[in-house]
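Working notes, beginning with the structure itself.
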Amino acid sequence: HIQGQDGEYYFCLAEDGRPCRRQRKIFSAAFYCMGLSELALACRERKQDAEALELQGQALEVFEDILAAAANPSKIGVPEALPGAPNLVPLNAPMILLNIIVELRQSTGSEFLFEEEAEKFVTQILLHKQNDIQLVLENVGPDGKRQLDTPDGRLWCPGHVLECGWFLLDYAVLVGNEGLKEEALQMIDWSYEKGWDEEYGGIFYFLDCEGLSPVQLEWDMKL
């Protein structure tokens, strides 16, 4: 319920397989890839080795497609940025890509699968970690510097950072990196400390790192 007859990955299909909705993002394919990986792991645990190998192969093929789309978003229909658009890199892509690698390693039992890519994604994630203000921003410049002249550059999402910390922690534990584990735990702690609504409880949906009103109307909804 994701891959159309043309081989593309869709957010939603009709019952007969016709595409209904496609997002110009990698996340539908990412969740599909992780689902294949988890099913492969379940098959291996049940001694269904042939099925596990087939599913692992499918998951790896999908991940290669995802890596290609992440490197060249035009492959999934993302238009080129306009000349006046701020030069920002998002947090969401490297965190989900790192999470997929963890899932694939656990499914295949391959300890060093996509090792170079994993370390690259860790580096990209940590660019968003702003130690001086104890926040993890959704969008930063390519060098990790804050871009405070735009709402997107000031945006941080406590729940999303919790998820990112979880993914980073999973990877750190998997590879035995204590320093990275501490980085991940810091991210989680900061999100609870600064993202919690002291008056009504719950974690804010969106926040502005300079205390301004976020442009998202649902910013104070809770997770």
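Residues in the structure tokens are numbered from 1 in each chain, the chains being A, B, ... in the order shown, and ligands are numbered from 1 in the order shown.
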Can you write out as CSV which residues of segment 114-180 of chain A fall within 9 Å of segment 68-92 of chain A, alongside each residue's closest atom pair and its distance in Å to one decimal, counting only C-alpha atoms and ordering rows by chain and ascending residue number?
```
residue,atom,partner,partner_atom,distance
A:Gln124,CA,A:Leu91,CA,7.8
A:Ile125,CA,A:Leu91,CA,6.2
A:Leu127,CA,A:Leu91,CA,8.9
A:His128,CA,A:Leu91,CA,6.9
A:Val136,CA,A:Leu91,CA,8.9
A:Leu137,CA,A:Leu91,CA,7.6
A:Glu138,CA,A:Leu91,CA,5.2
A:Asn139,CA,A:Pro90,CA,4.6
A:Val140,CA,A:Leu88,CA,5.2
A:Gly141,CA,A:Leu88,CA,4.8
A:Pro142,CA,A:Val89,CA,6.0
A:Gly144,CA,A:Val89,CA,8.6
A:Gln147,CA,A:Leu88,CA,7.9
A:Thr150,CA,A:Pro86,CA,7.9
A:Asp152,CA,A:Leu88,CA,8.4
A:Gly153,CA,A:Leu88,CA,7.3
A:His160,CA,A:Asn92,CA,8.4
A:Cys164,CA,A:Asn92,CA,8.3
```
Export, as a PDB file, in the first residue's frame, the selected residues with N, CA, C and O atoms.
```pdb
ATOM      1  N   GLN A 124      25.725  15.520  10.325  1.00  0.00           N
ATOM      2  CA  GLN A 124      24.702  16.462   9.890  1.00  0.00           C
ATOM      3  C   GLN A 124      23.707  16.758  11.015  1.00  0.00           C
ATOM      4  O   GLN A 124      23.285  17.908  11.193  1.00  0.00           O
ATOM      5  N   ILE A 125      23.339  15.745  11.766  1.00  0.00           N
ATOM      6  CA  ILE A 125      22.414  15.947  12.889  1.00  0.00           C
ATOM      7  C   ILE A 125      23.019  16.883  13.929  1.00  0.00           C
ATOM      8  O   ILE A 125      22.369  17.821  14.415  1.00  0.00           O
ATOM      9  N   LEU A 127      25.088  19.206  13.641  1.00  0.00           N
ATOM     10  CA  LEU A 127      25.153  20.597  13.230  1.00  0.00           C
ATOM     11  C   LEU A 127      23.967  21.391  13.788  1.00  0.00           C
ATOM     12  O   LEU A 127      24.074  22.603  14.010  1.00  0.00           O
ATOM     13  N   HIS A 128      22.853  20.710  14.016  1.00  0.00           N
ATOM     14  CA  HIS A 128      21.640  21.374  14.493  1.00  0.00           C
ATOM     15  C   HIS A 128      21.653  21.574  16.015  1.00  0.00           C
ATOM     16  O   HIS A 128      20.821  22.305  16.538  1.00  0.00           O
ATOM     17  N   VAL A 136      18.022  22.304  19.874  1.00  0.00           N
ATOM     18  CA  VAL A 136      18.294  21.654  18.589  1.00  0.00           C
ATOM     19  C   VAL A 136      17.319  22.261  17.587  1.00  0.00           C
ATOM     20  O   VAL A 136      16.104  22.087  17.711  1.00  0.00           O
ATOM     21  N   LEU A 137      17.852  22.981  16.616  1.00  0.00           N
ATOM     22  CA  LEU A 137      17.020  23.694  15.657  1.00  0.00           C
ATOM     23  C   LEU A 137      16.658  22.819  14.469  1.00  0.00           C
ATOM     24  O   LEU A 137      17.439  21.962  14.053  1.00  0.00           O
ATOM     25  N   GLU A 138      15.481  23.093  13.911  1.00  0.00           N
ATOM     26  CA  GLU A 138      15.018  22.314  12.763  1.00  0.00           C
ATOM     27  C   GLU A 138      15.802  22.629  11.499  1.00  0.00           C
ATOM     28  O   GLU A 138      16.000  21.753  10.652  1.00  0.00           O
ATOM     29  N   ASN A 139      16.234  23.861  11.365  1.00  0.00           N
ATOM     30  CA  ASN A 139      16.933  24.282  10.148  1.00  0.00           C
ATOM     31  C   ASN A 139      18.121  25.167  10.518  1.00  0.00           C
ATOM     32  O   ASN A 139      17.971  26.102  11.312  1.00  0.00           O
ATOM     33  N   VAL A 140      19.260  24.865   9.957  1.00  0.00           N
ATOM     34  CA  VAL A 140      20.466  25.676  10.175  1.00  0.00           C
ATOM     35  C   VAL A 140      21.158  25.883   8.832  1.00  0.00           C
ATOM     36  O   VAL A 140      20.819  25.246   7.834  1.00  0.00           O
ATOM     37  N   GLY A 141      22.155  26.770   8.826  1.00  0.00           N
ATOM     38  CA  GLY A 141      22.965  26.923   7.631  1.00  0.00           C
ATOM     39  C   GLY A 141      23.808  25.685   7.394  1.00  0.00           C
ATOM     40  O   GLY A 141      23.970  24.849   8.283  1.00  0.00           O
ATOM     41  N   PRO A 142      24.361  25.530   6.204  1.00  0.00           N
ATOM     42  CA  PRO A 142      25.179  24.346   5.891  1.00  0.00           C
ATOM     43  C   PRO A 142      26.348  24.140   6.840  1.00  0.00           C
ATOM     44  O   PRO A 142      26.834  23.012   6.990  1.00  0.00           O
ATOM     45  N   GLY A 144      26.095  24.883  10.084  1.00  0.00           N
ATOM     46  CA  GLY A 144      25.537  24.743  11.421  1.00  0.00           C
ATOM     47  C   GLY A 144      25.225  26.058  12.112  1.00  0.00           C
ATOM     48  O   GLY A 144      24.726  26.057  13.235  1.00  0.00           O
ATOM     49  N   GLN A 147      20.402  30.832  11.512  1.00  0.00           N
ATOM     50  CA  GLN A 147      19.898  31.822  10.565  1.00  0.00           C
ATOM     51  C   GLN A 147      18.649  32.440  11.193  1.00  0.00           C
ATOM     52  O   GLN A 147      17.531  31.986  10.961  1.00  0.00           O
ATOM     53  N   THR A 150      14.883  34.484   9.708  1.00  0.00           N
ATOM     54  CA  THR A 150      13.724  33.832   9.103  1.00  0.00           C
ATOM     55  C   THR A 150      13.057  32.918  10.126  1.00  0.00           C
ATOM     56  O   THR A 150      13.751  32.309  10.954  1.00  0.00           O
ATOM     57  N   ASP A 152      11.811  30.001   9.780  1.00  0.00           N
ATOM     58  CA  ASP A 152      12.297  28.625   9.648  1.00  0.00           C
ATOM     59  C   ASP A 152      13.641  28.441  10.345  1.00  0.00           C
ATOM     60  O   ASP A 152      13.921  27.376  10.898  1.00  0.00           O
ATOM     61  N   GLY A 153      14.465  29.467  10.327  1.00  0.00           N
ATOM     62  CA  GLY A 153      15.766  29.382  10.977  1.00  0.00           C
ATOM     63  C   GLY A 153      15.684  29.433  12.488  1.00  0.00           C
ATOM     64  O   GLY A 153      16.612  28.985  13.176  1.00  0.00           O
ATOM     65  N   HIS A 160       9.972  16.593  18.033  1.00  0.00           N
ATOM     66  CA  HIS A 160      10.823  16.107  16.949  1.00  0.00           C
ATOM     67  C   HIS A 160      12.249  15.898  17.443  1.00  0.00           C
ATOM     68  O   HIS A 160      12.930  14.954  17.045  1.00  0.00           O
ATOM     69  N   CYS A 164      14.546  12.620  17.484  1.00  0.00           N
ATOM     70  CA  CYS A 164      15.910  12.628  16.951  1.00  0.00           C
ATOM     71  C   CYS A 164      16.902  12.106  17.987  1.00  0.00           C
ATOM     72  O   CYS A 164      17.797  11.323  17.665  1.00  0.00           O
TER      73      CYS A 164
END
```
Determine which residues of segment 16-214 of chain A DSSP labels as alpha helix (DSSP H) from the backbone of this structure, then write them out as an MDAnalysis selection string. chainID A and resid 27:45 49:71 92:108 115:126 151:154 158:175 178:195
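Interatomic distance, atom CA of Leu185 of chain A to atom CA of Val122 of chain A: 14.3 Å.
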Report the residues of chain A whose backbone DSSP state falls under strand (DSSP E or B), written as a PyMOL selection string. chain A and resi 3+9+12-13+19-21+89-90+129-130+135-136+139-140+155-156+196+203-204+207-208+222
For a quick check of understanding, using only C-alpha atoms, which of A:Glu119, A:Glu64, A:Asp16, A:Glu54 has the smallest distance to Leu180 of chain A?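 Distance minimum relative to Leu180 of chain A lands on A:Glu119.
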Distance of atom CA of Pro158 of chain A from atom CA of Ala30 of chain A, expressed in Å to one decimal place: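 Atom CA of Pro158 of chain A lies 21.8 Å from atom CA of Ala30 of chain A.
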Please build the interface table for segment 126-151 of chain A against segment 190-203 of chain A with a cut-off of 12 Å, listing for each qualifying residue the nearest atom pair and the distance in Å to one decimal; count only C-alpha atoms, order rows by chain and increasing number, and write it as a Markdown table.
```
| residue | atom | partner | partner_atom | distance |
| --- | --- | --- | --- | --- |
| A:Lys129 | CA | A:Trp190 | CA | 10.4 |
| A:Gln130 | CA | A:Trp190 | CA | 10.6 |
| A:Asn131 | CA | A:Trp190 | CA | 10.0 |
| A:Asp132 | CA | A:Trp190 | CA | 11.8 |
| A:Ile133 | CA | A:Trp190 | CA | 9.7 |
| A:Gln134 | CA | A:Trp190 | CA | 6.2 |
| A:Leu135 | CA | A:Trp190 | CA | 6.5 |
| A:Val136 | CA | A:Ser191 | CA | 8.3 |
| A:Leu137 | CA | A:Ser191 | CA | 10.9 |
```
Could you turn the residues from that selection into a file that holds all heavy atoms, as a PDB file, in the first residue's frame?
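New file again_18.pdb:
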```pdb
ATOM      1  N   LYS A 129      22.563  20.929  16.687  1.00  0.00           N
ATOM      2  CA  LYS A 129      22.634  20.991  18.158  1.00  0.00           C
ATOM      3  C   LYS A 129      23.397  22.253  18.558  1.00  0.00           C
ATOM      4  O   LYS A 129      24.599  22.361  18.351  1.00  0.00           O
ATOM      5  CB  LYS A 129      23.320  19.730  18.696  1.00  0.00           C
ATOM      6  CG  LYS A 129      23.364  19.610  20.210  1.00  0.00           C
ATOM      7  CD  LYS A 129      23.893  18.220  20.591  1.00  0.00           C
ATOM      8  CE  LYS A 129      23.923  18.042  22.113  1.00  0.00           C
ATOM      9  NZ  LYS A 129      25.150  18.646  22.671  1.00  0.00           N
ATOM     10  N   GLN A 130      22.677  23.193  19.138  1.00  0.00           N
ATOM     11  CA  GLN A 130      23.238  24.491  19.504  1.00  0.00           C
ATOM     12  C   GLN A 130      23.551  24.493  20.999  1.00  0.00           C
ATOM     13  O   GLN A 130      22.689  24.772  21.832  1.00  0.00           O
ATOM     14  CB  GLN A 130      22.246  25.602  19.149  1.00  0.00           C
ATOM     15  CG  GLN A 130      21.748  25.548  17.711  1.00  0.00           C
ATOM     16  CD  GLN A 130      22.818  25.902  16.703  1.00  0.00           C
ATOM     17  OE1 GLN A 130      23.443  26.957  16.794  1.00  0.00           O
ATOM     18  NE2 GLN A 130      23.034  25.036  15.715  1.00  0.00           N
ATOM     19  N   ASN A 131      24.774  24.154  21.347  1.00  0.00           N
ATOM     20  CA  ASN A 131      25.133  23.962  22.749  1.00  0.00           C
ATOM     21  C   ASN A 131      25.018  25.233  23.584  1.00  0.00           C
ATOM     22  O   ASN A 131      24.674  25.174  24.764  1.00  0.00           O
ATOM     23  CB  ASN A 131      26.554  23.408  22.847  1.00  0.00           C
ATOM     24  CG  ASN A 131      26.658  21.990  22.306  1.00  0.00           C
ATOM     25  OD1 ASN A 131      25.814  21.149  22.580  1.00  0.00           O
ATOM     26  ND2 ASN A 131      27.685  21.720  21.518  1.00  0.00           N
ATOM     27  N   ASP A 132      25.286  26.387  22.979  1.00  0.00           N
ATOM     28  CA  ASP A 132      25.284  27.618  23.756  1.00  0.00           C
ATOM     29  C   ASP A 132      23.892  28.026  24.219  1.00  0.00           C
ATOM     30  O   ASP A 132      23.744  28.672  25.258  1.00  0.00           O
ATOM     31  CB  ASP A 132      25.941  28.759  22.970  1.00  0.00           C
ATOM     32  CG  ASP A 132      25.234  29.025  21.653  1.00  0.00           C
ATOM     33  OD1 ASP A 132      24.777  28.076  21.018  1.00  0.00           O
ATOM     34  OD2 ASP A 132      25.145  30.221  21.271  1.00  0.00           O
ATOM     35  N   ILE A 133      22.847  27.642  23.469  1.00  0.00           N
ATOM     36  CA  ILE A 133      21.475  27.959  23.893  1.00  0.00           C
ATOM     37  C   ILE A 133      20.706  26.699  24.293  1.00  0.00           C
ATOM     38  O   ILE A 133      19.521  26.766  24.608  1.00  0.00           O
ATOM     39  CB  ILE A 133      20.712  28.725  22.798  1.00  0.00           C
ATOM     40  CG1 ILE A 133      20.675  27.936  21.483  1.00  0.00           C
ATOM     41  CG2 ILE A 133      21.342  30.111  22.583  1.00  0.00           C
ATOM     42  CD1 ILE A 133      19.805  28.571  20.403  1.00  0.00           C
ATOM     43  N   GLN A 134      21.372  25.561  24.244  1.00  0.00           N
ATOM     44  CA  GLN A 134      20.800  24.274  24.650  1.00  0.00           C
ATOM     45  C   GLN A 134      19.488  23.970  23.907  1.00  0.00           C
ATOM     46  O   GLN A 134      18.465  23.639  24.501  1.00  0.00           O
ATOM     47  CB  GLN A 134      20.575  24.238  26.161  1.00  0.00           C
ATOM     48  CG  GLN A 134      21.873  24.345  26.937  1.00  0.00           C
ATOM     49  CD  GLN A 134      21.692  24.150  28.436  1.00  0.00           C
ATOM     50  OE1 GLN A 134      20.578  24.194  28.966  1.00  0.00           O
ATOM     51  NE2 GLN A 134      22.780  23.934  29.134  1.00  0.00           N
ATOM     52  N   LEU A 135      19.561  24.081  22.585  1.00  0.00           N
ATOM     53  CA  LEU A 135      18.431  23.778  21.724  1.00  0.00           C
ATOM     54  C   LEU A 135      18.926  23.035  20.490  1.00  0.00           C
ATOM     55  O   LEU A 135      20.093  23.148  20.111  1.00  0.00           O
ATOM     56  CB  LEU A 135      17.717  25.054  21.268  1.00  0.00           C
ATOM     57  CG  LEU A 135      16.943  25.854  22.312  1.00  0.00           C
ATOM     58  CD1 LEU A 135      16.391  27.129  21.681  1.00  0.00           C
ATOM     59  CD2 LEU A 135      15.823  25.038  22.932  1.00  0.00           C
ATOM     60  N   VAL A 136      18.022  22.304  19.874  1.00  0.00           N
ATOM     61  CA  VAL A 136      18.294  21.654  18.589  1.00  0.00           C
ATOM     62  C   VAL A 136      17.319  22.261  17.587  1.00  0.00           C
ATOM     63  O   VAL A 136      16.104  22.087  17.711  1.00  0.00           O
ATOM     64  CB  VAL A 136      18.107  20.127  18.673  1.00  0.00           C
ATOM     65  CG1 VAL A 136      18.385  19.478  17.319  1.00  0.00           C
ATOM     66  CG2 VAL A 136      19.021  19.534  19.741  1.00  0.00           C
ATOM     67  N   LEU A 137      17.852  22.981  16.616  1.00  0.00           N
ATOM     68  CA  LEU A 137      17.020  23.694  15.657  1.00  0.00           C
ATOM     69  C   LEU A 137      16.658  22.819  14.469  1.00  0.00           C
ATOM     70  O   LEU A 137      17.439  21.962  14.053  1.00  0.00           O
ATOM     71  CB  LEU A 137      17.739  24.955  15.176  1.00  0.00           C
ATOM     72  CG  LEU A 137      18.105  25.973  16.264  1.00  0.00           C
ATOM     73  CD1 LEU A 137      18.791  27.178  15.640  1.00  0.00           C
ATOM     74  CD2 LEU A 137      16.880  26.402  17.060  1.00  0.00           C
TER      75      LEU A 137
END
```
Hey, can you check how far atom CA of Asp208 of chain A sits from atom CA of Ile96 of chain A?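 Value for the atom CA of Asp208 of chain A-atom CA of Ile96 of chain A distance: 22.8 Å.
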Residue neighbourhood Gln23 of chain A, 7 Å, only C-alpha atoms, exclusion window fewer than 2 positions, as a ChimeraX atom specification: /A:10-11,21,25
Print the selection's residues with N, CA, C and O atoms to a file, as a short mmCIF file (atom, residue, chain, number, x, y, z; two decimals), in the first residue's frame.
```cif
data_model
loop_
_atom_site.label_atom_id
_atom_site.label_comp_id
_atom_site.auth_asym_id
_atom_site.auth_seq_id
_atom_site.Cartn_x
_atom_site.Cartn_y
_atom_site.Cartn_z
N TYR A 10 4.30 6.19 -3.05
CA TYR A 10 3.21 7.14 -2.84
C TYR A 10 2.76 7.13 -1.39
O TYR A 10 2.83 6.11 -0.71
N PHE A 11 2.24 8.27 -0.96
CA PHE A 11 1.72 8.38 0.40
C PHE A 11 0.42 7.59 0.54
O PHE A 11 0.11 7.07 1.60
N ARG A 21 -2.10 10.02 -3.77
CA ARG A 21 -1.39 11.18 -3.24
C ARG A 21 0.10 10.86 -3.13
O ARG A 21 0.47 9.78 -2.68
N LYS A 25 8.67 14.09 -0.77
CA LYS A 25 9.54 13.85 0.38
C LYS A 25 9.96 12.39 0.38
O LYS A 25 9.35 11.56 -0.30
#
```
For Cys12 of chain A, work out the shell of residues within 10 Å, counting only C-alpha atoms and skipping chain neighbours fewer than 2 positions away, then give it as a list in words.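 Close residues of Cys12 of chain A: His1, Ile2, Gln3, Gly4, Tyr9, Tyr10, Ala14, Glu15, Gly17, Arg18, Pro19, Cys20, Arg21, Arg22, Gln23 and Ser28 of chain A.
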Keeping only C-alpha atoms, take the residues you just selected and write them out as an mmCIF file, in the first residue's frame.
```
data_model
loop_
_atom_site.group_PDB
_atom_site.id
_atom_site.type_symbol
_atom_site.label_atom_id
_atom_site.label_comp_id
_atom_site.auth_asym_id
_atom_site.auth_seq_id
_atom_site.Cartn_x
_atom_site.Cartn_y
_atom_site.Cartn_z
ATOM 1 C CA HIS A 1 0.000 0.000 0.000
ATOM 2 C CA ILE A 2 2.702 2.466 -1.019
ATOM 3 C CA GLN A 3 4.383 1.523 -4.270
ATOM 4 C CA GLY A 4 2.476 2.315 -7.437
ATOM 5 C CA TYR A 9 6.513 5.460 -3.666
ATOM 6 C CA TYR A 10 3.215 7.140 -2.842
ATOM 7 C CA ALA A 14 -6.426 3.398 -4.172
ATOM 8 C CA GLU A 15 -7.532 -0.153 -3.464
ATOM 9 C CA GLY A 17 -3.102 0.316 -6.731
ATOM 10 C CA ARG A 18 -3.715 3.603 -8.519
ATOM 11 C CA PRO A 19 -1.816 6.510 -6.910
ATOM 12 C CA CYS A 20 -3.929 8.933 -4.868
ATOM 13 C CA ARG A 21 -1.386 11.182 -3.237
ATOM 14 C CA ARG A 22 2.343 11.650 -3.480
ATOM 15 C CA GLN A 23 4.496 13.749 -1.197
ATOM 16 C CA SER A 28 6.798 7.447 2.690
#
```
So which one's closest to Asp143 of chain A, A:Thr123, A:Val173, A:Gly159, A:Ala59? Using only C-alpha atoms, please.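 Of the candidates, the smallest distance to Asp143 of chain A is held by A:Thr123.
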Proximity to Tyr32 of chain A - best of A:Glu45, A:Glu51, A:Asp65, A:Glu210, only C-alpha atoms: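 Selected residue with least distance to Tyr32 of chain A: A:Asp65.
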Using only C-alpha atoms, which of the listed residues (A:Gly109, A:Ile101, A:Ala184, A:Leu174) sits closest to Leu126 of chain A?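 The shortest atom-to-atom distance to Leu126 of chain A comes from A:Ala184.
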